[in-house]
Structure formats: structure tokens, C-alpha cells
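First the structure, in the form of C-alpha cells, and then the observations on it.
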Amino acid sequence: MIPDAKRSFDWRVPLIWAVMLAISVFAHAYVEMADNRVTLARAVALEVTSHSMVAAMLPAIYWLHRHRPISGGPVNLAIHVAALVPFSFLRTTGMTGLRLLWFVGILGERYSFPLTLDRLLYELSKDVVNYALLSGAVVAISYLLERADARAAQPAPTIVDPPSRPVAPEAVPPEAVRPERFAVRKRGGNEVVVDVADIDWIEASGNYAILHVGGETFEIRSSLTKLEGELDPKRFVRVHKSHLVNIARVAEVTPWVSGDWRIRLQDGAEVNLSRRYRQRFEALAPVRS
């Protein structure tokens, strides 16, 4: 069965981030102690407040990567660049509020962190690197978990001892029953049932896949690798690491750059036909130069 939007929450993701952020807190606290000669407790408190704001904004970063993946083109990249400003502003102001609450409100100590324009610009310059590292980690974690899930989904090989006496040949098992429809989540929260035959193409989006059906998009919690193994290979073909297409929906194939080709679908969408996957595509629809 293709996993749907009701699949249980993947607790591996927050666990990985908790370990990574904890390591980062103590690494930065050590640098804070060495540079500013503060106590370990104060250095940890300073870094916990900063990293807490990063953790609080991780769901928003995941949401943006799911709906606007950087690999989606220059428009999506521009959106991520623009997101740097609210990311830095929220992290800096939230961090300041947490530090005032801890040092002034709870410990009764003096603490000053003026939110001047110069300070905000300084924090923004640091957050360019921070956001790039966080985005890279989001993509890397999603990719590694997708690979792990794909390997786990593969059946383990079985070893059969040779028979001691001749046996009648076993009947060839019938082709695996493939789903013809499944429930998916429409962007906005509603769930609908989609016929597999109506899908035009599918794109990867982190831990999700986006189904394009007649101009509409639907989310399903599944990797593209899993979908490729569960859908009919005579109907759906992988053309790129991030795209599956319904061969019946292909309208035109034209040369592009670096030996790749460009596929135009009947709904007007265009996707790359990578050299790596061209042989699979041409097995179903030979391309004539």
C-alpha cells in the first residue's frame, strides 16, 4: 500500500535535530567561554536561548522546503533568500526576549542586548550562513531517511535449500496487485481520493511527494522511490531524481542542455529528462533525434 497523509509522525526527525542542536549548544558555549571569559552556566544559557529560537522555527523551514524546494528553480531560490529577513528578525528578537526573561526576570541579573539597526544587520549577516546550514541539513536528513525507508521496504533475500528429490515446477506468481486509487491530502488540509490513472506527474518534496492531477496538486507522505516501486512501471517512469511522469501524459520531448532533454506534459508543465533516466524513458517512448 502507498502510505497516505495519515501515516504516524516520524519521530526520527525531531530526535536527530535534538541531538544536533544539543551538540551545537555546547560547541558554541565553549567558544563563548573562550572568547568572552564567561562562566559555563552563562555561556550555555546564551546559546540555549539562541538555539531554542532556531528549533522553534524549524517547522516553518520544513514547510517552506516542502512547498518551495530549492531544487524547484530560481523562483523558489528567491523565496528562500527573501525568507532570510523574517527568519533573522524572529530569531534575534525571540532570543533577546528569552535572555531578558532568564537573566533579568528569573536570575535578577543585568543583561543588555540593544536591538538597533546595526545589531539586526549584524545578526542578519550571521543568519545567511545559519539558514544555509539549516537548509542543507533539512535536505540531507530528508534524503537519508528516504534512502533508509527505501532499503527497509525491500524484501530480504531468502535462501532455499536444494530439494532432495525432484519436485514439480511451481506456478509463476501473478503480477503484484497495484493500487488504482488512494486517499491523499489536498493542499489546505482536505483529503480526497485520486485515481492513479488521472495523475499527470509526481515530484519529490522532502518526506512528501506532490501529485499533479489535472492542474491540482495533492500531498502524500511517501518517498518518490517508494512510489516508483508501487506504481505500474508500464505507466509511470522515473525521468529525474525528483520526478515521475505518466507516460500517457507526455506531449513533447525536446533537446535541452548538457545532453538532457525537456519533457512537456499535457497540462503544460515541463520537467527534465535526465541522461541517467533516459534509457528507462525510451524503453516506453523512444526518442528520435
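Naming works like this for the C-alpha cells: A, B, ... for the chains as they're shown, residue 1 at the start of each chain, ligands 1 onward in shown order.
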
Next item on the list: Find the residues near region 51-59 of chain A: any atom within 12 Å, counting only C-alpha atoms, skip ones fewer than 4 places away on the same chain, and give them as a PyMOL selection string.
Entry: chain A and resi 13-29+44-47+63-66+83-84+86-99+127+130-131+133-135+137-138

Next item on the list: Give me the residues within 9 Å of Leu40 (chain A) as a PyMOL selection string, counting only C-alpha atoms and dropping any in the same chain fewer than 6 places off.
Entry: chain A and resi 29-30+32-33

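Across the structure, CA of Ser142 (chain A) and CA of His80 (chain A) are spaced 17.7 Å apart.
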
Next item on the list: From a DSSP pass on the backbone, collect the residues of region 45-238 of chain A flagged as helix (DSSP H, G or I) and hand them back as a ChimeraX atom specification.
Entry: /A:45-67,70-72,74-106,117-153,196-198,224-230

Notebook entry, point to check: Can you list, as JSON, numbers by chain, every protein, DNA or RNA residue that comes within 9 Å of Glu146 (chain A) when you count only C-alpha atoms, leaving out same-chain residues fewer than 2 positions away?
Noted result: {"A": [141, 142, 143, 144, 148, 149, 150, 151, 206, 207, 222, 223, 224, 225, 226]}

Checklist line | Selected residue, from A:Glu270, A:Ser205, A:Asp198, A:Gln279, that lies nearest to Arg238 (chain A) when counting only C-alpha atoms | finding: A:Gln279
